[in-house]
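Shown next, in structure tokens, is the structure this report addresses.
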There are 2 protein chains.
Amino acid sequence: MEVAILLFDRFTALDAVGPYQVLASVPGVTVAFVATTPGLVQADRAPFALSANRALAELTDPDIVLVPGGPGQVALMTDEIVLSWLRDAHAGSTWTTSVCTGSLVLGAAGVLKDKRATTHWLAMDQLAGLGALPVAERVVFDGKVVTAAGVSAGIDMALALTVELAGPDVAQTIQLGIEYDPAPPFDSGSPAKAPPHIVEYLRSRSRFVLEGDRTRPSS
Amino acid sequence: MEVAILLFDRFTALDAVGPYQVLASVPGVTVAFVATTPGLVQADRAPFALSANRALAELTDPDIVLVPGGPGQVALMTDEIVLSWLRDAHAGSTWTTSVCTGSLVLGAAGVLKDKRATTHWLAMDQLAGLGALPVAERVVFDGKVVTAAGVSAGIDMALALTVELAGPDVAQTIQLGIEYDPAPPFDSGSPAKAPPHIVEYLRSRSRFVLEGDRTRPSS
């Protein structure tokens with residue numbers, strides 16, 4: 001079973017690497033990092049650069065598609081090469097998945113039409129405009145489409161997907177192997193729980209948080 | 001403030017990338033990925049390869065040192081170039097930190113002598129042999145030395161460190177920004193909580209889990 005994790009200029013590192021760490025541990029699963037052009041792909045902050053080992057054109061029928069989010073998602077939503085690849089890959093996939101604002105890219109490709117889906121909490125309003133039915137949950141399954149909330153939610157999504165792929169024993173083995181017994185120092189990881197002034201601060205900077213501080217790439 | 005994340009052949013991806021995602025978001029912090037030789041560094045499973053942008057010799061006085069774990073840690077524990085760099089970097093650091101079996105490398109460098117420290121639960125026995133005082137906690141502070149438990153614990157460690165670096169408001173802002181409101185599908189992320197047959201299975205394969213399935217590199 002082959003997983004294709006889409007990389008693109010200005011992706012968010014943990015969106016891709018959290019699910020990678022889980023899915024690459026599932027017996028029988030291989031993971032490819034795919035990009036329009038193979039080679040180093042820059043994340044949303046220098047100096048993070050991850051190597052894409054396959055070109056989109058080389059891997060057109062992955063079993064699982066995974067689209068991370070990140071500021072580069074804005075440019076991706078009008079990138080016909082990527083959107084067309086996503087449509088084709090989705091047509092043949094067993095699972096089509098996203099993390100964070102990766103779901104907006106799935107939406108732009110038409111994959112989320114009338115699907116229950118989630119995204120980063122700051123981007124929730126944008127989902128409905130793409131034909132999806134936004135759901136404020138951490139991991140949302142609708143048929144073969146699985147979307148995760150912001151950044152770190154990809155780890156939970158990948159573990160839930162592992163249950164589907166290989167059963168609960170394998171998922172629990174991987175969870176214990178990566179010692180995923182989370183203990184964040186605060187209970188502030190969702191807008192419903194964080195102190196109001198923190199939520200307001202991020203809302204006031206939502207464009208910066210979601211789209212980054214660099215000039216939007218023209219290509 | 002400069003963070004040096006040490007990369008080495010066969011590191012575990014999430015050990016490095018979890019804390020990276022948090023620390024790179026702290027205002028005033030820059031992160032460098034350092035390795036003996038800059039360029040692509042292979043993680044413990046192909047095709048994951050992350051780019052190291054600085055050589056150890058170029059960055060000898062980071063404010064924060066972070067050592068991830070992974071099967072390559074075994075070779076690193078006798079790599080005098082790395083151990084000597086770690087000793088020097090630790091001498092001048094504000095914080096010296098590790099994730100997972102990265103603490104065994106800190107131990108091999110002599111940094112953990114009589115320090116309370118933690119590591120991946122399967123490696124806990126090895127810590128005492130390196131002069132440390134093993135503690136089965138997720139994140140352990142002892143003076144300026146901060147160690148985290150296995151793989152995913154680096155995220156919690158980095159958030160706790162962010163409190164020290166920049167205060168609780170910044171830490172909570174980052175936690176909400178990465179929507180770190182964890183919801184694993186099982187409560188099986190520690191040996192105290194996982195089903196006994198899962199714990200036993202991983203214990204029986206502990207050498208494989210910690211050191212990987214490839215022949216130990218000779219260099």
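Following the order of the structure tokens, chains are lettered A, B, ..., residues in each are numbered from 1, and ligands are numbered from 1.
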Next item on the list: Show which residues sit within 6 Å of Pro68 in chain A, as an NGL selection string. Count only C-alpha atoms, and ignore same-chain residues fewer than 5 positions away.
Entry: :A and (15-16 or 98-99 or 102)
Item checked: Non-local contacts of range 78-93 of chain A (8 Å; only C-alpha atoms; under 3 positions in same chain excluded) as an MDAnalysis selection string -> chainID A and resid 36 56:57 60:65 74:75 96 105:106 108:111
Next item on the list: Name the residues of range 18-137 of chain A that come out as alpha helix (DSSP H) in a backbone DSSP run; write them as a PyMOL selection string.
Entry: chain A and resi 18-23+73-76+80-92+102-108+124-128
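Secondary structure of range 63-171 of chain B, strand (DSSP E) only (DSSP, backbone atoms): Ile64, Val65, Leu66, Val67, Trp95, Thr96, Thr97, Ser98, Val99, Arg116, Ala117, Leu133, Pro134, Val139, Val140, Phe141, Asp142, Val145, Val146, Thr147 and Ala148 of chain B.
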Can you spit out the residues from that selection as a PDB file, in the first residue's frame, using C-alpha atoms?
ATOM      1  CA  ILE B  64      19.908  25.714  22.690  1.00  0.00           C
ATOM      2  CA  VAL B  65      21.138  22.258  21.698  1.00  0.00           C
ATOM      3  CA  LEU B  66      18.553  19.639  20.743  1.00  0.00           C
ATOM      4  CA  VAL B  67      19.473  15.992  20.138  1.00  0.00           C
ATOM      5  CA  TRP B  95      19.589  24.886  27.425  1.00  0.00           C
ATOM      6  CA  THR B  96      20.760  21.421  26.402  1.00  0.00           C
ATOM      7  CA  THR B  97      17.889  19.178  25.357  1.00  0.00           C
ATOM      8  CA  SER B  98      17.047  15.811  23.875  1.00  0.00           C
ATOM      9  CA  VAL B  99      14.109  13.765  22.636  1.00  0.00           C
ATOM     10  CA  ARG B 116      17.600  13.543  36.414  1.00  0.00           C
ATOM     11  CA  ALA B 117      16.706  12.557  32.868  1.00  0.00           C
ATOM     12  CA  LEU B 133      19.262   9.403  37.295  1.00  0.00           C
ATOM     13  CA  PRO B 134      16.424   7.937  35.182  1.00  0.00           C
ATOM     14  CA  VAL B 139       9.556  15.948  30.216  1.00  0.00           C
ATOM     15  CA  VAL B 140      12.340  16.299  32.781  1.00  0.00           C
ATOM     16  CA  PHE B 141      14.106  19.543  33.670  1.00  0.00           C
ATOM     17  CA  ASP B 142      17.335  19.376  35.689  1.00  0.00           C
ATOM     18  CA  VAL B 145      19.293  20.020  30.859  1.00  0.00           C
ATOM     19  CA  VAL B 146      15.858  19.095  29.519  1.00  0.00           C
ATOM     20  CA  THR B 147      15.078  15.581  28.305  1.00  0.00           C
ATOM     21  CA  ALA B 148      11.880  14.213  26.769  1.00  0.00           C
TER      22      ALA B 148
END
Notebook entry, point to check: Just how far from CA of Leu202 in chain A is CA of Glu2 in chain B, in Å to one decimal?
Noted result: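 So the two atoms, CA of Glu2 in chain B and CA of Leu202 in chain A, lie 24.8 Å apart.
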Checklist line | Top pick for closest residue to chain B, considering A:Met77, A:Leu159, A:Val135, A:Ala43 and counting only C-alpha atoms | finding: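 Nearest candidate to chain B out of A:Met77, A:Leu159, A:Val135, A:Ala43: A:Leu159.
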Notebook entry, point to check: Closest to Leu161 in chain A among B:Val41, B:Ile174, B:Pro185, B:Lys144, using only C-alpha atoms?
Noted result: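 The shortest atom-to-atom distance to Leu161 in chain A comes from B:Pro185.
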